[in-house]
file my_file-v6.cif (mmCIF, C-alpha atoms)
data_model
#
loop_
_atom_site.label_atom_id
_atom_site.label_comp_id
_atom_site.auth_asym_id
_atom_site.auth_seq_id
_atom_site.Cartn_x
_atom_site.Cartn_y
_atom_site.Cartn_z
CA MET A 1 -8.87 -1.46 146.96
CA MET A 2 -11.99 -3.53 146.27
CA SER A 3 -15.11 -2.47 148.19
CA LEU A 4 -16.56 -4.59 151.00
CA ASN A 5 -19.72 -5.18 148.98
CA GLU A 6 -17.73 -6.45 146.01
CA ILE A 7 -15.69 -8.77 148.23
CA ARG A 8 -18.89 -10.05 149.85
CA ARG A 9 -20.47 -10.59 146.42
CA ARG A 10 -17.53 -12.69 145.25
CA LEU A 11 -17.51 -14.68 148.46
CA PHE A 12 -21.23 -15.36 148.10
CA LYS A 13 -20.41 -16.95 144.75
CA GLY A 14 -17.84 -19.17 146.43
CA ASP A 15 -14.70 -17.27 145.43
CA ILE A 16 -12.60 -17.14 148.60
CA THR A 17 -9.30 -16.40 146.85
CA ILE A 18 -9.94 -12.68 147.25
CA LEU A 19 -9.50 -13.05 151.01
CA PHE A 20 -5.85 -13.95 150.67
CA ARG A 21 -5.22 -10.35 149.65
CA LEU A 22 -6.81 -8.96 152.79
CA PHE A 23 -3.94 -10.17 154.93
CA GLY A 24 -1.23 -9.85 152.33
CA LYS A 25 0.62 -6.63 151.58
CA ASP A 26 -2.21 -4.55 153.02
CA GLU A 27 -2.41 -6.49 156.28
CA LYS A 28 -1.69 -3.45 158.46
CA THR A 29 -4.38 -1.38 156.79
CA ILE A 30 -7.18 -3.94 157.20
CA GLN A 31 -9.31 -3.60 160.31
CA PRO A 32 -10.83 -6.74 161.89
CA SER A 33 -14.19 -4.98 162.07
CA GLU A 34 -14.09 -4.52 158.28
CA VAL A 35 -13.42 -8.20 157.77
CA ALA A 36 -16.33 -9.03 160.09
CA GLN A 37 -18.57 -6.84 157.94
CA ILE A 38 -17.65 -8.92 154.91
CA PHE A 39 -18.93 -12.05 156.64
CA LEU A 40 -22.40 -10.62 157.20
CA ASN A 41 -25.08 -12.36 155.10
CA LEU A 42 -22.64 -14.95 153.77
CA PRO A 43 -23.93 -18.53 153.64
CA ALA A 44 -22.60 -20.52 156.60
CA SER A 45 -20.43 -22.76 154.43
CA SER A 46 -18.87 -19.76 152.69
CA ALA A 47 -18.21 -18.03 156.01
CA VAL A 48 -16.37 -21.07 157.36
CA LYS A 49 -14.29 -21.48 154.19
CA ALA A 50 -13.51 -17.78 154.16
CA PHE A 51 -12.39 -17.87 157.77
CA GLN A 52 -10.20 -20.91 157.17
CA SER A 53 -8.47 -19.10 154.31
CA PHE A 54 -6.90 -16.64 156.76
CA PRO A 55 -3.45 -17.23 158.22
CA GLU A 56 -3.66 -18.70 161.71
CA LYS A 57 -2.64 -15.54 163.58
CA ASN A 58 -5.28 -13.50 161.76
CA ARG A 59 -8.07 -15.92 162.61
CA ILE A 60 -7.48 -15.11 166.27
CA ILE A 61 -7.53 -11.37 165.54
CA VAL A 62 -10.73 -11.49 163.48
CA PHE A 63 -12.75 -14.01 165.51
CA PRO A 64 -13.86 -11.66 168.36
CA TYR A 65 -15.37 -9.23 165.83
CA LEU A 66 -17.58 -11.78 164.09
CA ASP A 67 -21.32 -12.15 164.60
CA ASP A 68 -22.24 -14.60 167.38
CA LEU A 69 -23.91 -17.07 165.02
CA VAL A 70 -20.92 -17.00 162.68
CA LYS A 71 -18.58 -17.68 165.62
CA LYS A 72 -20.63 -20.70 166.66
CA GLN A 73 -20.73 -22.04 163.10
CA ILE A 74 -16.98 -21.68 162.69
CA ILE A 75 -16.10 -23.38 165.97
CA HIS A 76 -18.54 -26.19 165.21
CA ASP A 77 -17.33 -26.82 161.65
CA ILE A 78 -13.57 -26.41 161.71
CA PRO A 79 -11.31 -29.18 163.08
CA LYS A 80 -11.27 -29.31 166.88
CA PRO A 81 -7.50 -28.62 167.18
CA ASP A 82 -7.94 -25.43 165.12
CA ALA A 83 -10.96 -24.37 167.15
CA SER A 84 -9.10 -25.03 170.41
CA LYS A 85 -6.15 -22.95 169.28
CA ILE A 86 -8.41 -20.00 168.49
CA LEU A 87 -10.33 -20.15 171.76
CA ASN A 88 -7.25 -20.65 173.92
CA ASN A 89 -5.52 -17.66 172.36
CA LEU A 90 -8.38 -15.20 172.82
CA SER A 91 -8.17 -12.61 175.55
CA SER A 92 -10.07 -13.60 178.68
CA ASP A 93 -12.68 -10.92 177.94
CA ASP A 94 -13.24 -12.08 174.35
CA LEU A 95 -13.41 -15.71 175.46
CA MET A 96 -16.01 -14.96 178.12
CA ILE A 97 -18.09 -12.89 175.70
CA PHE A 98 -18.25 -15.93 173.43
CA LEU A 99 -18.94 -18.43 176.22
CA THR A 100 -21.77 -16.39 177.72
CA LYS A 101 -23.64 -16.68 174.40
CA LEU A 102 -23.72 -20.46 174.75
CA LYS A 103 -26.10 -22.56 176.81
CA GLY A 104 -26.52 -26.10 178.07
CA ILE A 105 -24.83 -28.91 176.20
CA GLU A 106 -23.44 -26.51 173.63
CA LEU A 107 -21.52 -24.69 176.37
CA SER A 108 -20.35 -27.95 177.93
CA GLU A 109 -18.96 -29.11 174.59
CA ILE A 110 -17.07 -25.88 173.97
CA LEU A 111 -15.55 -25.88 177.46
CA GLU A 112 -13.84 -29.13 176.50
CA TYR A 113 -11.95 -27.22 173.78
CA LEU A 114 -10.15 -25.18 176.43
CA ASN A 115 -6.85 -26.03 178.07
CA GLU A 116 -6.89 -26.63 181.82
CA LYS A 117 -5.91 -23.07 182.67
CA ASN A 118 -8.64 -21.47 180.57
CA LYS A 119 -11.19 -24.08 181.62
CA LYS A 120 -10.57 -23.28 185.27
CA VAL A 121 -10.86 -19.54 184.60
CA ALA A 122 -14.05 -20.09 182.61
CA HIS A 123 -15.65 -22.16 185.36
CA ASN A 124 -14.85 -19.49 187.92
CA LEU A 125 -16.06 -16.58 185.79
CA LEU A 126 -19.21 -18.44 184.76
CA GLY A 127 -19.94 -18.86 188.45
CA TYR A 128 -20.01 -22.65 188.71
CA PRO A 129 -19.57 -23.79 192.34
CA ARG A 130 -16.46 -25.87 193.04
CA GLU A 131 -18.49 -29.03 193.76
CA SER A 132 -20.99 -28.54 190.93
CA VAL A 133 -21.90 -30.91 188.10
CA ALA A 134 -20.42 -28.46 185.58
CA ARG A 135 -16.89 -29.19 186.79
CA LEU A 136 -17.36 -32.95 186.49
CA ILE A 137 -19.40 -33.35 183.33
CA ASN A 138 -18.11 -35.65 180.61
CA THR A 139 -18.19 -33.68 177.37
CA GLU A 140 -16.95 -36.45 175.09
CA PHE A 141 -20.22 -36.80 173.20
CA VAL A 142 -21.82 -35.70 169.96
CA THR A 143 -25.26 -34.17 169.61
CA ILE A 144 -27.81 -34.49 166.82
CA LYS A 145 -30.86 -32.47 165.76
CA LYS A 146 -34.41 -33.78 165.63
CA GLU A 147 -34.79 -32.61 162.02
CA MET A 148 -32.06 -35.00 160.85
CA SER A 149 -32.94 -38.22 159.12
CA ILE A 150 -31.63 -41.31 160.89
CA GLU A 151 -29.27 -41.85 157.97
CA ASP A 152 -27.84 -38.33 158.33
CA ALA A 153 -27.59 -38.75 162.10
CA MET A 154 -25.64 -41.98 161.73
CA ASP A 155 -23.29 -40.37 159.19
CA HIS A 156 -22.80 -37.49 161.64
CA LEU A 157 -21.98 -39.90 164.46
CA ARG A 158 -19.50 -41.84 162.36
CA LYS A 159 -17.76 -38.60 161.46
CA TYR A 160 -17.64 -36.92 164.87
CA HIS A 161 -18.22 -39.53 167.59
CA GLN A 162 -15.28 -41.29 169.19
CA ASP A 163 -15.86 -44.85 170.37
CA SER A 164 -16.37 -44.51 174.12
CA GLU A 165 -18.54 -45.55 177.03
CA THR A 166 -20.89 -42.64 176.27
CA ALA A 167 -21.67 -43.96 172.78
CA ASN A 168 -24.71 -45.96 173.90
CA VAL A 169 -26.86 -42.83 174.29
CA ILE A 170 -27.05 -39.93 171.82
CA TYR A 171 -28.31 -36.50 172.87
CA VAL A 172 -30.80 -34.50 170.80
CA VAL A 173 -30.58 -30.71 171.06
CA ASP A 174 -32.49 -27.78 169.62
CA ASN A 175 -31.01 -24.93 167.58
CA GLU A 176 -29.83 -23.20 170.76
CA GLY A 177 -27.98 -26.28 171.99
CA LYS A 178 -30.56 -27.12 174.66
CA LEU A 179 -31.19 -30.77 175.46
CA ILE A 180 -34.62 -31.97 174.33
CA ASP A 181 -34.19 -35.76 174.47
CA ASP A 182 -31.75 -38.65 174.51
CA VAL A 183 -31.93 -41.59 172.14
CA PRO A 184 -30.34 -45.02 172.68
CA ILE A 185 -28.00 -45.84 169.83
CA ARG A 186 -29.84 -49.14 169.27
CA ARG A 187 -32.98 -47.17 168.43
CA LEU A 188 -31.13 -45.39 165.65
CA VAL A 189 -29.69 -48.63 164.33
CA LEU A 190 -32.98 -50.56 164.34
CA ASN A 191 -35.13 -47.93 162.61
CA GLU A 192 -35.47 -47.09 158.93
CA PRO A 193 -32.77 -44.68 157.64
CA ALA A 194 -35.38 -42.42 156.03
CA LYS A 195 -37.17 -41.72 159.32
CA LYS A 196 -36.56 -38.46 161.15
CA VAL A 197 -34.88 -38.46 164.55
CA GLU A 198 -37.98 -36.79 165.99
CA ASP A 199 -40.02 -39.83 164.90
CA ILE A 200 -38.16 -42.06 167.36
CA MET A 201 -37.95 -39.64 170.29
CA ASP A 202 -39.97 -40.42 173.42
CA GLY A 203 -39.41 -37.23 175.43
CA PHE A 204 -38.08 -39.02 178.51
CA TYR A 205 -34.62 -37.98 179.64
CA VAL A 206 -32.67 -36.96 182.74
CA LYS A 207 -31.65 -33.32 182.94
CA LEU A 208 -29.40 -31.65 185.50
CA ASN A 209 -28.59 -28.02 186.12
CA LEU A 210 -24.90 -27.22 185.72
CA ASN A 211 -24.97 -25.65 189.18
CA ASP A 212 -26.39 -28.79 190.82
CA SER A 213 -24.16 -30.46 193.39
CA LYS A 214 -22.57 -33.87 192.92
CA GLU A 215 -24.90 -35.21 195.61
CA THR A 216 -27.95 -34.08 193.63
CA ALA A 217 -26.63 -35.80 190.51
CA VAL A 218 -26.11 -39.08 192.36
CA ASP A 219 -29.55 -38.96 193.96
#

call {"tool": "encode", "arguments": {"input": "my_file-v6.cif", "output": "structure tokens"}}
result
Amino acid sequence: MMSLNEIRRRLFKGDITILFRLFGKDEKTIQPSEVAQIFLNLPASSAVKAFQSFPEKNRIIVFPYLDDLVKKQIIHDIPKPDASKILNNLSSDDLMIFLTKLKGIELSEILEYLNEKNKKVAHNLLGYPRESVARLINTEFVTIKKEMSIEDAMDHLRKYHQDSETANVIYVVDNEGKLIDDVPIRRLVLNEPAKKVEDIMDGFYVKLNLNDSKETAVD
């Protein structure tokens, strides 16, 4: 059998066909932890493609063993229905391990991937009070990064943003998913495409704690 280093080397070059063999005839002899080792040091795009090459049932088996950053990248990049299926089929322990690595808006977005049963369990285990903002928050939004050009941000919005009442304000987050500003959509439209998002940020935004009560949010 090919060594892990050789498999990783071929993946690094973009050859993901080798992964089909990992869950072929030798499926029972392959350990998820070994597969996770292969993903270490792979470029993000290669890691996502490699993960998507697995049969659906094996994605669920392998996912808990992956590095936290790789998990986040996969869930962010693969289609939402596929991501939802993975998260909703994890054990409660594996799901909570993943969720506790997320913060702020990033966590709110991922909670929307869960079915009602898992969402309720997650809220309870994460310790959100029954009347808290976390249980009411609208997660139908898309975030952008300050390093993006306005052109890239607009392309990102067209690709991921559904037309809704929340589309008038776009949220800017840092690399950890923390909110750092909000930008009116008109500001994106009226500025030069080559400008960076950070060039049009003003630093004024409303921020609530997920544990805040509904009354606090209204006030």

call {"tool": "residues_around", "arguments": {"input": "my_file-v6.cif", "residues": "A:Val48", "least_positions_apart": "3", "cutoff": "6 Å", "atoms": "only C-alpha atoms", "output": "list in words"}}
result
Ser45, Phe51 and Ile74 of chain A

call {"tool": "residues_near_point", "arguments": {"input": "my_file-v6.cif", "point": "(-29.7, -34.1, 171.1)", "cutoff": "7 Å", "atoms": "all atoms listed in the file", "output": "MDAnalysis selection string"}}
result
chainID A and resid 143:145 170:173 179:182

call {"tool": "write_last_selection", "arguments": {"input": "my_file-v6.cif", "atoms": "C-alpha atoms", "output": "PDB file, keeping the file's coordinate frame"}}
result
ATOM      1  CA  THR A 143     -25.260 -34.170 169.610  1.00  0.00           C
ATOM      2  CA  ILE A 144     -27.810 -34.490 166.820  1.00  0.00           C
ATOM      3  CA  LYS A 145     -30.860 -32.470 165.760  1.00  0.00           C
ATOM      4  CA  ILE A 170     -27.050 -39.930 171.820  1.00  0.00           C
ATOM      5  CA  TYR A 171     -28.310 -36.500 172.870  1.00  0.00           C
ATOM      6  CA  VAL A 172     -30.800 -34.500 170.800  1.00  0.00           C
ATOM      7  CA  VAL A 173     -30.580 -30.710 171.060  1.00  0.00           C
ATOM      8  CA  LEU A 179     -31.190 -30.770 175.460  1.00  0.00           C
ATOM      9  CA  ILE A 180     -34.620 -31.970 174.330  1.00  0.00           C
ATOM     10  CA  ASP A 181     -34.190 -35.760 174.470  1.00  0.00           C
ATOM     11  CA  ASP A 182     -31.750 -38.650 174.510  1.00  0.00           C
TER      12      ASP A 182
END

call {"tool": "closest_residue", "arguments": {"input": "my_file-v6.cif", "among": "A:Gly104, A:Pro64, A:Gly203, A:Pro184", "to": "A:Ser92", "atoms": "all atoms listed in the file"}}
result
A:Pro64

call {"tool": "atom_distance", "arguments": {"input": "my_file-v6.cif", "atom1": "atom CA of A:Leu190", "atom2": "atom CA of A:Arg158"}}
result
16.2 Å

call {"tool": "closest_residue", "arguments": {"input": "my_file-v6.cif", "among": "A:Asp199, A:Glu116, A:Asp93, A:Glu176", "to": "A:Glu147", "atoms": "only C-alpha atoms"}}
result
A:Asp199

call {"tool": "resolve_selection", "arguments": {"input": "my_file-v6.cif", "expression": "the PyMOL selection byres ((chain A and resi 95) around 12)", "output": "PDB file with C-alpha atoms, in the coordinates of the input"}}
result
ATOM      1  CA  ILE A  60      -7.480 -15.110 166.270  1.00  0.00           C
ATOM      2  CA  PHE A  63     -12.750 -14.010 165.510  1.00  0.00           C
ATOM      3  CA  PRO A  64     -13.860 -11.660 168.360  1.00  0.00           C
ATOM      4  CA  TYR A  65     -15.370  -9.230 165.830  1.00  0.00           C
ATOM      5  CA  LYS A  71     -18.580 -17.680 165.620  1.00  0.00           C
ATOM      6  CA  SER A  84      -9.100 -25.030 170.410  1.00  0.00           C
ATOM      7  CA  LYS A  85      -6.150 -22.950 169.280  1.00  0.00           C
ATOM      8  CA  ILE A  86      -8.410 -20.000 168.490  1.00  0.00           C
ATOM      9  CA  LEU A  87     -10.330 -20.150 171.760  1.00  0.00           C
ATOM     10  CA  ASN A  88      -7.250 -20.650 173.920  1.00  0.00           C
ATOM     11  CA  ASN A  89      -5.520 -17.660 172.360  1.00  0.00           C
ATOM     12  CA  LEU A  90      -8.380 -15.200 172.820  1.00  0.00           C
ATOM     13  CA  SER A  91      -8.170 -12.610 175.550  1.00  0.00           C
ATOM     14  CA  SER A  92     -10.070 -13.600 178.680  1.00  0.00           C
ATOM     15  CA  ASP A  93     -12.680 -10.920 177.940  1.00  0.00           C
ATOM     16  CA  ASP A  94     -13.240 -12.080 174.350  1.00  0.00           C
ATOM     17  CA  MET A  96     -16.010 -14.960 178.120  1.00  0.00           C
ATOM     18  CA  ILE A  97     -18.090 -12.890 175.700  1.00  0.00           C
ATOM     19  CA  PHE A  98     -18.250 -15.930 173.430  1.00  0.00           C
ATOM     20  CA  LEU A  99     -18.940 -18.430 176.220  1.00  0.00           C
ATOM     21  CA  THR A 100     -21.770 -16.390 177.720  1.00  0.00           C
ATOM     22  CA  LYS A 101     -23.640 -16.680 174.400  1.00  0.00           C
ATOM     23  CA  LEU A 102     -23.720 -20.460 174.750  1.00  0.00           C
ATOM     24  CA  ILE A 110     -17.070 -25.880 173.970  1.00  0.00           C
ATOM     25  CA  LEU A 111     -15.550 -25.880 177.460  1.00  0.00           C
ATOM     26  CA  TYR A 113     -11.950 -27.220 173.780  1.00  0.00           C
ATOM     27  CA  LEU A 114     -10.150 -25.180 176.430  1.00  0.00           C
ATOM     28  CA  ASN A 118      -8.640 -21.470 180.570  1.00  0.00           C
ATOM     29  CA  LYS A 119     -11.190 -24.080 181.620  1.00  0.00           C
ATOM     30  CA  VAL A 121     -10.860 -19.540 184.600  1.00  0.00           C
ATOM     31  CA  ALA A 122     -14.050 -20.090 182.610  1.00  0.00           C
ATOM     32  CA  LEU A 125     -16.060 -16.580 185.790  1.00  0.00           C
ATOM     33  CA  LEU A 126     -19.210 -18.440 184.760  1.00  0.00           C
TER      34      LEU A 126
END

call {"tool": "atom_distance", "arguments": {"input": "my_file-v6.cif", "atom1": "atom CA of A:Arg186", "atom2": "atom CA of A:Asn168"}}
result
7.6 Å

call {"tool": "atom_distance", "arguments": {"input": "my_file-v6.cif", "atom1": "atom CA of A:Glu34", "atom2": "atom CA of A:Val62"}}
result
9.3 Å

call {"tool": "residues_near_point", "arguments": {"input": "my_file-v6.cif", "point": "(-25.6, -16.7, 166.1)", "cutoff": "12 Å", "atoms": "only C-alpha atoms", "output": "list in words"}}
result
Leu40, Asn41, Ala44, Leu66, Asp67, Asp68, Leu69, Val70, Lys71, Lys72, Gln73, Ile74, Ile75, His76, Phe98, Lys101, Leu102, Asn175, Glu176 and Gly177 of chain A

call {"tool": "closest_residue", "arguments": {"input": "my_file-v6.cif", "among": "A:Ser53, A:Lys120, A:Met148, A:Met154", "to": "A:Glu198", "atoms": "all atoms listed in the file"}}
result
A:Met148

call {"tool": "residues_around", "arguments": {"input": "my_file-v6.cif", "residues": "A:Ile150", "least_positions_apart": "5", "cutoff": "9 Å", "atoms": "all atoms listed in the file", "output": "mmCIF file with C-alpha atoms, in the coordinates of the input"}}
result
data_model
loop_
_atom_site.group_PDB
_atom_site.id
_atom_site.type_symbol
_atom_site.label_atom_id
_atom_site.label_comp_id
_atom_site.auth_asym_id
_atom_site.auth_seq_id
_atom_site.Cartn_x
_atom_site.Cartn_y
_atom_site.Cartn_z
ATOM 1 C CA ASP A 155 -23.290 -40.370 159.190
ATOM 2 C CA LEU A 188 -31.130 -45.390 165.650
ATOM 3 C CA VAL A 189 -29.690 -48.630 164.330
ATOM 4 C CA ASN A 191 -35.130 -47.930 162.610
ATOM 5 C CA GLU A 192 -35.470 -47.090 158.930
ATOM 6 C CA PRO A 193 -32.770 -44.680 157.640
ATOM 7 C CA ALA A 194 -35.380 -42.420 156.030
ATOM 8 C CA LYS A 195 -37.170 -41.720 159.320
ATOM 9 C CA LYS A 196 -36.560 -38.460 161.150
ATOM 10 C CA VAL A 197 -34.880 -38.460 164.550
#
